[in-house]
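K.L.:
I'm passing along work.tsv; it holds TSV, C-alpha atoms.
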chain	number	residue	atom	x	y	z
A	1	MET	CA	-164.69	84.45	-180.33
A	2	HIS	CA	-161.93	83.96	-177.79
A	3	PRO	CA	-158.74	83.04	-179.74
A	4	ALA	CA	-157.49	80.07	-177.71
A	5	PRO	CA	-153.78	79.32	-178.41
A	6	SER	CA	-154.49	75.58	-178.68
A	7	VAL	CA	-156.85	75.89	-181.66
A	8	ILE	CA	-154.57	78.42	-183.37
A	9	ILE	CA	-151.64	76.00	-183.07
A	10	PHE	CA	-153.86	73.09	-184.10
A	11	THR	CA	-155.24	74.63	-187.29
A	12	THR	CA	-151.92	76.17	-188.33
A	13	PHE	CA	-149.49	73.32	-187.81
A	14	SER	CA	-151.74	70.40	-188.67
A	15	GLY	CA	-152.49	72.14	-191.97
A	16	LEU	CA	-148.77	72.52	-192.66
A	17	GLY	CA	-148.08	68.89	-191.76
A	18	PHE	CA	-150.84	67.44	-193.91
A	19	GLY	CA	-149.89	69.82	-196.73
A	20	LEU	CA	-146.33	68.48	-196.70
A	21	LEU	CA	-147.62	64.89	-196.57
A	22	ALA	CA	-149.80	65.61	-199.61
A	23	TRP	CA	-146.78	66.73	-201.64
A	24	LEU	CA	-144.80	63.70	-200.47
A	25	GLY	CA	-147.68	61.49	-201.55
A	26	LEU	CA	-147.43	63.00	-205.03
A	27	GLY	CA	-143.74	62.10	-205.11
A	28	LEU	CA	-142.51	65.67	-204.60
A	29	PRO	CA	-139.72	65.89	-203.74
A	30	THR	CA	-138.37	62.60	-205.04
A	31	VAL	CA	-136.66	61.24	-201.94
A	32	THR	CA	-135.87	57.86	-200.44
A	33	GLY	CA	-133.96	56.49	-197.47
A	34	TRP	CA	-132.87	58.81	-194.68
A	35	VAL	CA	-133.80	61.94	-196.62
A	36	ALA	CA	-137.36	60.67	-196.96
A	37	CYS	CA	-137.29	59.79	-193.27
A	38	GLY	CA	-136.44	63.41	-192.44
A	39	PHE	CA	-139.30	64.78	-194.54
A	40	PHE	CA	-141.83	62.34	-193.08
A	41	ALA	CA	-140.60	63.00	-189.53
A	42	LEU	CA	-141.16	66.74	-190.01
A	43	ALA	CA	-144.58	66.21	-191.58
A	44	TYR	CA	-145.72	63.89	-188.79
A	45	LEU	CA	-144.33	66.20	-186.10
A	46	LEU	CA	-146.42	69.07	-187.50
A	47	ALA	CA	-149.56	67.04	-188.26
A	48	VAL	CA	-149.68	64.95	-185.09
A	49	GLY	CA	-148.43	67.80	-182.91
A	50	GLY	CA	-151.15	70.07	-184.27
A	51	LEU	CA	-153.85	67.46	-183.72
A	52	ALA	CA	-152.59	66.85	-180.17
A	53	ALA	CA	-152.73	70.59	-179.42
A	54	SER	CA	-156.46	70.61	-180.16
A	55	ALA	CA	-157.08	68.37	-177.12
A	56	PHE	CA	-155.99	71.17	-174.79
A	57	HIS	CA	-159.10	73.16	-175.71
A	58	LEU	CA	-161.42	70.34	-174.65
A	59	GLY	CA	-163.19	70.72	-171.32
A	60	ARG	CA	-162.63	66.99	-170.66
A	61	PRO	CA	-159.58	65.87	-172.71
A	62	GLU	CA	-159.89	62.34	-171.34
A	63	ARG	CA	-163.10	61.99	-173.35
A	64	ALA	CA	-161.43	62.83	-176.67
A	65	LEU	CA	-161.94	59.27	-177.94
A	66	LYS	CA	-165.69	59.86	-177.89
A	67	ALA	CA	-165.20	62.18	-180.86
A	68	PHE	CA	-164.95	59.07	-183.04
A	69	THR	CA	-168.54	58.05	-182.25
A	70	GLN	CA	-170.44	60.93	-183.88
A	71	TRP	CA	-169.21	60.69	-187.47
A	72	ARG	CA	-172.73	60.78	-188.94
A	73	THR	CA	-173.40	64.32	-187.76
A	74	SER	CA	-170.14	65.87	-186.56
A	75	TRP	CA	-167.34	67.28	-188.71
A	76	LEU	CA	-165.07	66.96	-185.69
A	77	SER	CA	-165.72	63.22	-185.61
A	78	ARG	CA	-165.19	62.95	-189.37
A	79	GLU	CA	-161.90	64.78	-188.98
A	80	ALA	CA	-160.82	62.28	-186.32
A	81	TRP	CA	-161.52	59.30	-188.59
A	82	VAL	CA	-160.03	60.82	-191.74
A	83	SER	CA	-156.89	62.04	-189.97
A	84	VAL	CA	-156.17	58.65	-188.41
A	85	THR	CA	-156.78	56.90	-191.74
A	86	THR	CA	-154.49	59.39	-193.47
A	87	LEU	CA	-151.67	58.94	-190.97
A	88	ILE	CA	-151.85	55.14	-191.33
A	89	VAL	CA	-151.88	55.24	-195.15
A	90	MET	CA	-149.03	57.75	-195.32
A	91	ALA	CA	-146.99	55.78	-192.77
A	92	THR	CA	-147.27	52.72	-195.01
A	93	TYR	CA	-146.36	54.77	-198.07
A	94	GLY	CA	-143.44	56.37	-196.21
A	95	ALA	CA	-142.16	52.97	-195.07
A	96	GLY	CA	-141.78	51.97	-198.72
A	97	LEU	CA	-139.67	55.05	-199.43
A	98	VAL	CA	-137.56	54.89	-196.26
A	99	PHE	CA	-136.92	51.17	-195.86
A	100	PHE	CA	-137.30	49.74	-199.38
A	101	GLY	CA	-136.47	52.70	-201.62
A	102	VAL	CA	-139.66	52.24	-203.64
A	103	ARG	CA	-142.60	54.53	-204.25
A	104	TRP	CA	-146.02	52.94	-204.25
A	105	SER	CA	-147.61	55.58	-206.49
A	106	ALA	CA	-151.24	54.53	-206.10
A	107	LEU	CA	-150.94	54.53	-202.31
A	108	GLY	CA	-149.24	57.91	-202.43
A	109	TRP	CA	-152.06	59.45	-204.49
A	110	ILE	CA	-154.66	58.00	-202.13
A	111	GLY	CA	-152.72	59.38	-199.18
A	112	ALA	CA	-152.45	62.82	-200.80
A	113	LEU	CA	-156.24	62.93	-201.33
A	114	LEU	CA	-156.79	61.84	-197.73
A	115	CYS	CA	-154.47	64.63	-196.56
A	116	LEU	CA	-156.62	67.19	-198.36
A	117	GLY	CA	-159.71	65.45	-196.97
A	118	THR	CA	-158.34	65.89	-193.45
A	119	VAL	CA	-157.77	69.61	-193.99
A	120	LEU	CA	-161.27	69.89	-195.49
A	121	THR	CA	-162.90	68.26	-192.47
A	122	THR	CA	-160.97	70.58	-190.17
A	123	ALA	CA	-162.19	73.59	-192.14
A	124	MET	CA	-165.78	72.34	-192.09
A	125	ILE	CA	-165.76	72.20	-188.29
A	126	TYR	CA	-165.84	75.99	-188.57
A	127	GLY	CA	-167.40	76.49	-192.00
A	128	SER	CA	-170.54	74.54	-191.04
A	129	LEU	CA	-171.36	76.75	-188.03
A	130	ARG	CA	-174.35	78.91	-188.98
A	131	ALA	CA	-174.08	80.63	-185.60
A	132	VAL	CA	-170.80	82.21	-186.78
A	133	PRO	CA	-171.62	83.91	-190.11
A	134	ARG	CA	-168.01	84.98	-190.70
A	135	TRP	CA	-167.03	81.30	-190.96
A	136	ASN	CA	-170.19	79.95	-192.56
A	137	MET	CA	-169.21	80.44	-196.21
A	138	ALA	CA	-167.55	78.51	-199.04
A	139	LEU	CA	-164.34	80.54	-198.76
A	140	THR	CA	-163.49	79.00	-195.37
A	141	PRO	CA	-162.59	75.49	-196.64
A	142	VAL	CA	-160.94	77.02	-199.73
A	143	LEU	CA	-158.69	79.13	-197.49
A	144	PHE	CA	-157.69	76.17	-195.31
A	145	LEU	CA	-156.90	74.00	-198.35
A	146	VAL	CA	-154.89	76.64	-200.21
A	147	LEU	CA	-152.86	77.55	-197.12
A	148	SER	CA	-152.16	73.87	-196.45
A	149	LEU	CA	-150.94	73.29	-200.00
A	150	ALA	CA	-148.91	76.52	-200.04
A	151	GLY	CA	-147.20	75.75	-196.74
A	152	GLY	CA	-146.63	72.16	-197.81
A	153	ALA	CA	-145.06	73.33	-201.09
A	154	LEU	CA	-142.69	75.58	-199.15
A	155	LEU	CA	-141.60	72.74	-196.88
A	156	ALA	CA	-141.31	70.34	-199.81
A	157	GLY	CA	-139.06	72.73	-201.75
A	158	GLN	CA	-141.54	73.14	-204.61
A	159	ARG	CA	-140.52	76.70	-205.43
A	160	VAL	CA	-142.70	77.49	-208.47
A	161	ALA	CA	-145.81	75.86	-207.00
A	162	ALA	CA	-145.21	77.64	-203.70
A	163	ILE	CA	-145.04	81.06	-205.38
A	164	TRP	CA	-148.37	80.57	-207.17
A	165	LEU	CA	-150.10	79.00	-204.17
A	166	LEU	CA	-148.87	81.70	-201.80
A	167	ALA	CA	-150.23	84.37	-204.14
A	168	LEU	CA	-153.55	82.53	-204.34
A	169	ALA	CA	-153.63	82.14	-200.55
A	170	GLY	CA	-153.13	85.88	-200.14
A	171	VAL	CA	-156.01	86.65	-202.51
A	172	VAL	CA	-158.34	84.12	-200.85
A	173	GLN	CA	-157.43	85.45	-197.41
A	174	ILE	CA	-158.28	89.02	-198.43
A	175	LEU	CA	-161.57	87.89	-199.99
A	176	THR	CA	-162.39	86.01	-196.79
A	177	TRP	CA	-161.87	89.16	-194.75
A	178	VAL	CA	-163.93	91.29	-197.15
A	179	ARG	CA	-166.81	88.82	-197.23
A	180	GLY	CA	-166.58	88.15	-193.52
A	181	ASP	CA	-166.77	91.78	-192.41
A	182	ASP	CA	-170.45	92.09	-193.35
A	183	ALA	CA	-171.39	88.41	-192.97
A	184	LEU	CA	-173.29	88.97	-189.72
A	185	ALA	CA	-175.30	91.81	-191.25
A	186	ARG	CA	-176.04	89.76	-194.38
A	187	SER	CA	-177.22	86.82	-192.27
A	188	GLY	CA	-180.26	88.84	-191.17
A	189	THR	CA	-179.69	87.90	-187.55
A	190	ASP	CA	-180.24	90.64	-184.99
A	191	MET	CA	-181.27	91.06	-181.36
A	192	ALA	CA	-184.92	90.46	-182.26
A	193	SER	CA	-184.22	87.08	-183.84
A	194	ALA	CA	-181.63	86.17	-181.21
A	195	THR	CA	-184.13	86.66	-178.39
A	196	GLY	CA	-187.20	85.45	-180.29
A	197	LEU	CA	-189.05	88.66	-179.40
A	198	GLY	CA	-189.21	90.17	-182.88
A	199	ASP	CA	-193.01	89.86	-183.07
A	200	THR	CA	-193.50	92.18	-180.11
A	201	GLY	CA	-191.93	95.25	-181.69
A	202	ARG	CA	-188.50	96.88	-181.59
A	203	VAL	CA	-186.15	94.95	-179.30
A	204	ARG	CA	-183.35	96.56	-177.32
A	205	ALA	CA	-181.30	95.54	-174.31
A	206	PHE	CA	-182.70	96.82	-171.01
A	207	GLU	CA	-180.31	95.09	-168.60
A	208	PRO	CA	-177.50	92.59	-169.04
A	209	PRO	CA	-178.75	88.98	-168.64
A	210	HIS	CA	-176.07	88.43	-165.96
A	211	THR	CA	-174.50	90.60	-163.31
A	212	GLY	CA	-171.05	89.16	-164.10
A	213	PRO	CA	-169.20	87.43	-166.94
A	214	ASN	CA	-170.06	83.85	-167.80
A	215	TYR	CA	-168.73	81.14	-170.13
A	216	LEU	CA	-170.63	82.43	-173.18
A	217	LEU	CA	-169.24	85.92	-172.77
A	218	ARG	CA	-165.70	84.66	-172.19
A	219	GLU	CA	-165.72	82.37	-175.23
A	220	PHE	CA	-168.07	83.99	-177.75
A	221	ALA	CA	-168.17	87.75	-177.16
A	222	TYR	CA	-164.52	88.59	-177.74
A	223	GLN	CA	-164.07	91.80	-179.74
A	224	VAL	CA	-161.10	93.32	-181.57
A	225	GLY	CA	-160.63	97.03	-182.27
A	226	ARG	CA	-161.08	97.84	-185.96
A	227	ARG	CA	-157.80	99.73	-186.22
A	228	HIS	CA	-155.93	96.94	-184.45
A	229	ALA	CA	-157.48	94.35	-186.77
A	230	ARG	CA	-156.49	96.31	-189.90
A	231	ARG	CA	-152.90	96.51	-188.72
A	232	LEU	CA	-152.78	92.79	-188.00
A	233	ARG	CA	-154.26	92.00	-191.42
A	234	VAL	CA	-151.49	93.91	-193.16
A	235	ILE	CA	-148.87	92.11	-191.06
A	236	ALA	CA	-150.48	88.73	-191.79
A	237	ILE	CA	-150.54	89.24	-195.58
A	238	LEU	CA	-146.99	90.57	-195.69
A	239	LEU	CA	-145.57	87.70	-193.66
A	240	MET	CA	-147.84	84.94	-194.96
A	241	ALA	CA	-147.59	85.62	-198.69
A	242	ALA	CA	-145.74	88.76	-199.83
A	243	LEU	CA	-142.38	88.26	-198.08
A	244	PRO	CA	-142.12	84.50	-198.82
A	245	ILE	CA	-142.88	85.15	-202.51
A	246	ALA	CA	-140.22	87.88	-202.64
A	247	LEU	CA	-137.69	85.56	-201.00
A	248	LEU	CA	-138.50	82.68	-203.36
A	249	LEU	CA	-137.86	84.96	-206.35
A	250	LEU	CA	-134.29	85.47	-205.12
A	251	PRO	CA	-131.52	82.97	-205.92
A	252	LEU	CA	-132.71	80.14	-203.72
A	253	GLY	CA	-130.53	78.83	-200.94
A	254	HIS	CA	-131.35	76.86	-197.82
A	255	ALA	CA	-131.08	79.93	-195.58
A	256	VAL	CA	-133.45	81.96	-197.79
A	257	ALA	CA	-135.91	79.07	-197.97
A	258	ALA	CA	-135.85	78.70	-194.17
A	259	VAL	CA	-136.63	82.41	-193.71
A	260	ALA	CA	-139.50	82.11	-196.21
A	261	VAL	CA	-140.96	79.18	-194.29
A	262	LEU	CA	-140.59	80.98	-190.95
A	263	SER	CA	-142.21	84.14	-192.33
A	264	HIS	CA	-145.12	82.14	-193.76
A	265	VAL	CA	-145.74	80.29	-190.50
A	266	VAL	CA	-145.74	83.51	-188.44
A	267	GLY	CA	-148.08	85.15	-190.95
A	268	VAL	CA	-150.50	82.23	-190.84
A	269	LEU	CA	-150.46	82.33	-187.02
A	270	VAL	CA	-151.42	86.02	-187.11
A	271	ALA	CA	-154.15	85.40	-189.70
A	272	ARG	CA	-155.47	82.44	-187.74
A	273	TRP	CA	-155.59	84.54	-184.53
A	274	LEU	CA	-157.77	87.01	-186.43
A	275	PHE	CA	-159.85	84.12	-187.79
A	276	PHE	CA	-160.96	83.31	-184.25
A	277	ALA	CA	-160.80	86.76	-182.65
A	278	GLN	CA	-163.02	88.42	-185.27
A	279	ALA	CA	-165.62	85.65	-185.43
A	280	GLU	CA	-168.94	87.10	-184.24
A	281	HIS	CA	-171.05	84.37	-182.63
A	282	VAL	CA	-174.73	85.33	-182.76
A	283	VAL	CA	-175.06	84.67	-179.03
A	284	GLY	CA	-173.35	88.05	-178.60
A	285	LEU	CA	-176.54	89.70	-179.85
A	286	TYR	CA	-178.43	88.36	-176.84
A	287	TYR	CA	-175.95	90.17	-174.59
A	288	GLY	CA	-176.00	93.37	-176.64
A	289	LYS	CA	-172.38	92.88	-177.77
A	290	ARG	CA	-172.91	93.33	-181.53
Here is the file; what I need is its structure written in the form of structure tokens.
P.N.:
Amino acid sequence: MHPAPSVIIFTTFSGLGFGLLAWLGLGLPTVTGWVACGFFALAYLLAVGGLAASAFHLGRPERALKAFTQWRTSWLSREAWVSVTTLIVMATYGAGLVFFGVRWSALGWIGALLCLGTVLTTAMIYGSLRAVPRWNMALTPVLFLVLSLAGGALLAGQRVAAIWLLALAGVVQILTWVRGDDALARSGTDMASATGLGDTGRVRAFEPPHTGPNYLLREFAYQVGRRHARRLRVIAILLMAALPIALLLLPLGHAVAAVAVLSHVVGVLVARWLFFAQAEHVVGLYYGKR
């Protein structure tokens, strides 16, 4: 699929923001007053900024509010409701820390669970799509959740937790790639099933359905060279997990921690670009692109 910058920014930074909010909801780090204000400001900047970026991929951004109306059937709508609820709950919890110097533990735990729920609904927007076999598996929401918690742990200064979660994120990411590479083949979908002509015999493309490119080809038939993808995967794992872990094992200072966070963010951006670029939508079969 076409890797639109808006959805890459959305899924990367909103996950980081809600991951940091989850740790703050658990009382980690233990902060109050202006220090707490700084942590919450960063978390909201990432979470809200990421959510806002998603609107740029909408054909009609002015109709974004209609996303709230389809919560019974749409993971996008569920994400809208859960994210707004989460931001309100965490704002109330944060107000207690910033203005009153108290931690309402029960509210913080509820907020932390809602943060993970928001990340889960985001992941299910993609994980529920049967038309994209590479996404349609249990590892997709696991990857989103682990990356959110790992990035949040980095931003929250939770060194030991960050090391373990980054290692887990690297393993889950590799498993996602391995499982995803043959997901289309394992789905049993081919040109015969895509066109509905399988009962007539062997199906092959005779002519392109269109004389020029159209929306479906622009959005859903994007392809990445195998060698290029392998190189980007190595870069993503090194920056997302390996380098931050190595840096966190060094005597920790603010400068080292900042480099670890920056490396992780860049690595996740590369991995998320591949997440979209390598996704094979079955509509490509109809156009002979798979």
K.L.:
To one decimal in Å, tell me the separation between CA of Thr11 in chain A and CA of Ala47 in chain A.
P.N.:
9.5 Å
K.L.:
Just how far from CA of Val132 in chain A is CA of Glu219 in chain A, in Å to one decimal?
P.N.:
12.6 Å
K.L.:
Quick check, in Å to one decimal: how far apart do CA of Phe68 in chain A and CA of Thr85 in chain A lie?
P.N.:
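Computed distance, CA of Phe68 in chain A to CA of Thr85 in chain A, equals 12.1 Å.
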K.L.:
Extract, using all atoms listed in the file, all DNA, RNA and protein residues at most 12 Å from range 247-261 of chain A, discarding same-chain residues fewer than 5 positions from it, and format them as a list in words.
P.N.:
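So the residues in contact are Leu16, Ala150, Gly151, Gly152, Ala153, Leu154, Leu155, Ala156, Gly157, Gln158, Arg159, Val160, Ala161, Ala162, Ile163, Trp164, Leu166, Ala167, Leu238, Leu239, Met240, Ala241, Ala242, Val266, Gly267 and Val268 of chain A.
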K.L.:
Go ahead and save the residues from that selection, with C-alpha atoms, as an mmCIF file, keeping the file's coordinate frame.
P.N.:
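Final output, out-v7.cif:
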data_model
loop_
_atom_site.group_PDB
_atom_site.id
_atom_site.type_symbol
_atom_site.label_atom_id
_atom_site.label_comp_id
_atom_site.auth_asym_id
_atom_site.auth_seq_id
_atom_site.Cartn_x
_atom_site.Cartn_y
_atom_site.Cartn_z
ATOM 1 C CA LEU A 16 -148.770 72.520 -192.660
ATOM 2 C CA ALA A 150 -148.910 76.520 -200.040
ATOM 3 C CA GLY A 151 -147.200 75.750 -196.740
ATOM 4 C CA GLY A 152 -146.630 72.160 -197.810
ATOM 5 C CA ALA A 153 -145.060 73.330 -201.090
ATOM 6 C CA LEU A 154 -142.690 75.580 -199.150
ATOM 7 C CA LEU A 155 -141.600 72.740 -196.880
ATOM 8 C CA ALA A 156 -141.310 70.340 -199.810
ATOM 9 C CA GLY A 157 -139.060 72.730 -201.750
ATOM 10 C CA GLN A 158 -141.540 73.140 -204.610
ATOM 11 C CA ARG A 159 -140.520 76.700 -205.430
ATOM 12 C CA VAL A 160 -142.700 77.490 -208.470
ATOM 13 C CA ALA A 161 -145.810 75.860 -207.000
ATOM 14 C CA ALA A 162 -145.210 77.640 -203.700
ATOM 15 C CA ILE A 163 -145.040 81.060 -205.380
ATOM 16 C CA TRP A 164 -148.370 80.570 -207.170
ATOM 17 C CA LEU A 166 -148.870 81.700 -201.800
ATOM 18 C CA ALA A 167 -150.230 84.370 -204.140
ATOM 19 C CA LEU A 238 -146.990 90.570 -195.690
ATOM 20 C CA LEU A 239 -145.570 87.700 -193.660
ATOM 21 C CA MET A 240 -147.840 84.940 -194.960
ATOM 22 C CA ALA A 241 -147.590 85.620 -198.690
ATOM 23 C CA ALA A 242 -145.740 88.760 -199.830
ATOM 24 C CA VAL A 266 -145.740 83.510 -188.440
ATOM 25 C CA GLY A 267 -148.080 85.150 -190.950
ATOM 26 C CA VAL A 268 -150.500 82.230 -190.840
#
K.L.:
For Leu147 in chain A, which residue among A:Phe39, A:Phe18, A:Tyr287, A:Tyr222 is the nearest when counting all atoms listed in the file?
P.N.:
A:Phe18
K.L.:
Place a sphere of radius 9 Å on (-174.2, 83.6, -179.7) in the file coordinates and name every protein, DNA or RNA residue with an atom inside or on its surface, counting only C-alpha atoms; give the answer as a ChimeraX atom specification.
P.N.:
/A:131-132,194,216-217,220-221,280-287
K.L.:
Once 5 Å is added on each side, what are the centre and the three edge lengths, in Å to one decimal, of the axis-aligned box enclosing the listed atoms of range 95-105 of chain A? Present them as JSON.
P.N.:
{"center_x": -142.0, "center_y": 52.7, "center_z": -200.8, "size_x": 21.1, "size_y": 15.8, "size_z": 21.4}
K.L.:
Identify the residues around (-138.2, 64.0, -204.8) within a radius of 12 Å, measuring from only C-alpha atoms in the coordinates stated by the file, and give them as an NGL selection string.
P.N.:
:A and (23-33 or 35-36 or 39 or 97 or 101-103 or 156-158)
K.L.:
Would you mind listing what lies within 7 Å of range 114-124 of chain A as a PyMOL selection string, with all atoms listed in the file counted and same-chain residues fewer than 4 positions away left out?
P.N.:
chain A and resi 15+18-19+21-22+75+78-79+82-83+86+110+128+140-141+144-145
K.L.:
May I ask which of the residues A:Cys37, A:Ala246, A:Met90, A:Leu143 is the closest one to Ser105 in chain A, counting all atoms listed in the file?
P.N.:
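Smallest separation from Ser105 in chain A among the options: A:Met90.
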K.L.:
Using all atoms listed in the file, find the one residue out of A:Leu168, A:Ala52, A:Ala138, A:Ala183 that sits nearest to Ile245 in chain A.
P.N.:
A:Leu168
K.L.:
List the spatial neighbours of Gln223 in chain A as a PDB file with C-alpha atoms, in the frame of the given file - criterion: any atom at most 9 Å away, all atoms listed in the file, same-chain residues fewer than 6 positions off excluded.
P.N.:
ATOM      1  CA  MET A   1    -164.690  84.450-180.330  1.00  0.00           C
ATOM      2  CA  HIS A   2    -161.930  83.960-177.790  1.00  0.00           C
ATOM      3  CA  ALA A 277    -160.800  86.760-182.650  1.00  0.00           C
ATOM      4  CA  GLN A 278    -163.020  88.420-185.270  1.00  0.00           C
ATOM      5  CA  ALA A 279    -165.620  85.650-185.430  1.00  0.00           C
ATOM      6  CA  GLU A 280    -168.940  87.100-184.240  1.00  0.00           C
ATOM      7  CA  LYS A 289    -172.380  92.880-177.770  1.00  0.00           C
TER       8      LYS A 289
END
K.L.:
Give me range 147-155 of chain A from this structure - all heavy atoms, as an mmCIF file, in the first residue's frame.
P.N.:
data_model
loop_
_atom_site.group_PDB
_atom_site.id
_atom_site.type_symbol
_atom_site.label_atom_id
_atom_site.label_comp_id
_atom_site.auth_asym_id
_atom_site.auth_seq_id
_atom_site.Cartn_x
_atom_site.Cartn_y
_atom_site.Cartn_z
ATOM 1 N N LEU A 147 5.424 -1.773 21.162
ATOM 2 C CA LEU A 147 6.163 -0.572 20.764
ATOM 3 C C LEU A 147 5.707 0.645 21.553
ATOM 4 O O LEU A 147 6.527 1.498 21.941
ATOM 5 C CB LEU A 147 5.987 -0.316 19.266
ATOM 6 C CG LEU A 147 6.843 -1.165 18.324
ATOM 7 C CD1 LEU A 147 6.467 -0.899 16.878
ATOM 8 C CD2 LEU A 147 8.332 -0.877 18.545
ATOM 9 N N SER A 148 4.407 0.754 21.802
ATOM 10 C CA SER A 148 3.896 1.872 22.583
ATOM 11 C C SER A 148 4.454 1.849 24.002
ATOM 12 O O SER A 148 4.910 2.879 24.524
ATOM 13 C CB SER A 148 2.363 1.825 22.619
ATOM 14 O OG SER A 148 1.846 2.866 23.422
ATOM 15 N N LEU A 149 4.439 0.692 24.636
ATOM 16 C CA LEU A 149 4.954 0.574 25.995
ATOM 17 C C LEU A 149 6.464 0.782 26.039
ATOM 18 O O LEU A 149 6.988 1.393 26.980
ATOM 19 C CB LEU A 149 4.598 -0.801 26.566
ATOM 20 C CG LEU A 149 3.135 -0.996 26.956
ATOM 21 C CD1 LEU A 149 2.868 -2.460 27.298
ATOM 22 C CD2 LEU A 149 2.783 -0.108 28.148
ATOM 23 N N ALA A 150 7.184 0.269 25.043
ATOM 24 C CA ALA A 150 8.640 0.437 25.014
ATOM 25 C C ALA A 150 9.014 1.908 24.835
ATOM 26 O O ALA A 150 9.872 2.436 25.555
ATOM 27 C CB ALA A 150 9.242 -0.402 23.887
ATOM 28 N N GLY A 151 8.368 2.574 23.881
ATOM 29 C CA GLY A 151 8.641 3.988 23.670
ATOM 30 C C GLY A 151 8.243 4.823 24.873
ATOM 31 O O GLY A 151 8.953 5.757 25.269
ATOM 32 N N GLY A 152 7.103 4.482 25.477
ATOM 33 C CA GLY A 152 6.668 5.184 26.674
ATOM 34 C C GLY A 152 7.638 4.998 27.822
ATOM 35 O O GLY A 152 7.918 5.942 28.574
ATOM 36 N N ALA A 153 8.191 3.789 27.980
ATOM 37 C CA ALA A 153 9.166 3.526 29.040
ATOM 38 C C ALA A 153 10.431 4.344 28.836
ATOM 39 O O ALA A 153 11.018 4.869 29.790
ATOM 40 C CB ALA A 153 9.503 2.032 29.083
ATOM 41 N N LEU A 154 10.857 4.478 27.574
ATOM 42 C CA LEU A 154 12.018 5.313 27.276
ATOM 43 C C LEU A 154 11.775 6.761 27.690
ATOM 44 O O LEU A 154 12.610 7.386 28.361
ATOM 45 C CB LEU A 154 12.324 5.258 25.774
ATOM 46 C CG LEU A 154 13.290 4.192 25.264
ATOM 47 C CD1 LEU A 154 13.357 4.246 23.748
ATOM 48 C CD2 LEU A 154 14.679 4.386 25.858
ATOM 49 N N LEU A 155 10.628 7.299 27.293
ATOM 50 C CA LEU A 155 10.316 8.691 27.608
ATOM 51 C C LEU A 155 10.097 8.900 29.096
ATOM 52 O O LEU A 155 10.368 9.992 29.623
ATOM 53 C CB LEU A 155 9.075 9.127 26.823
ATOM 54 C CG LEU A 155 9.235 9.215 25.302
ATOM 55 C CD1 LEU A 155 7.884 9.464 24.639
ATOM 56 C CD2 LEU A 155 10.215 10.317 24.930
#
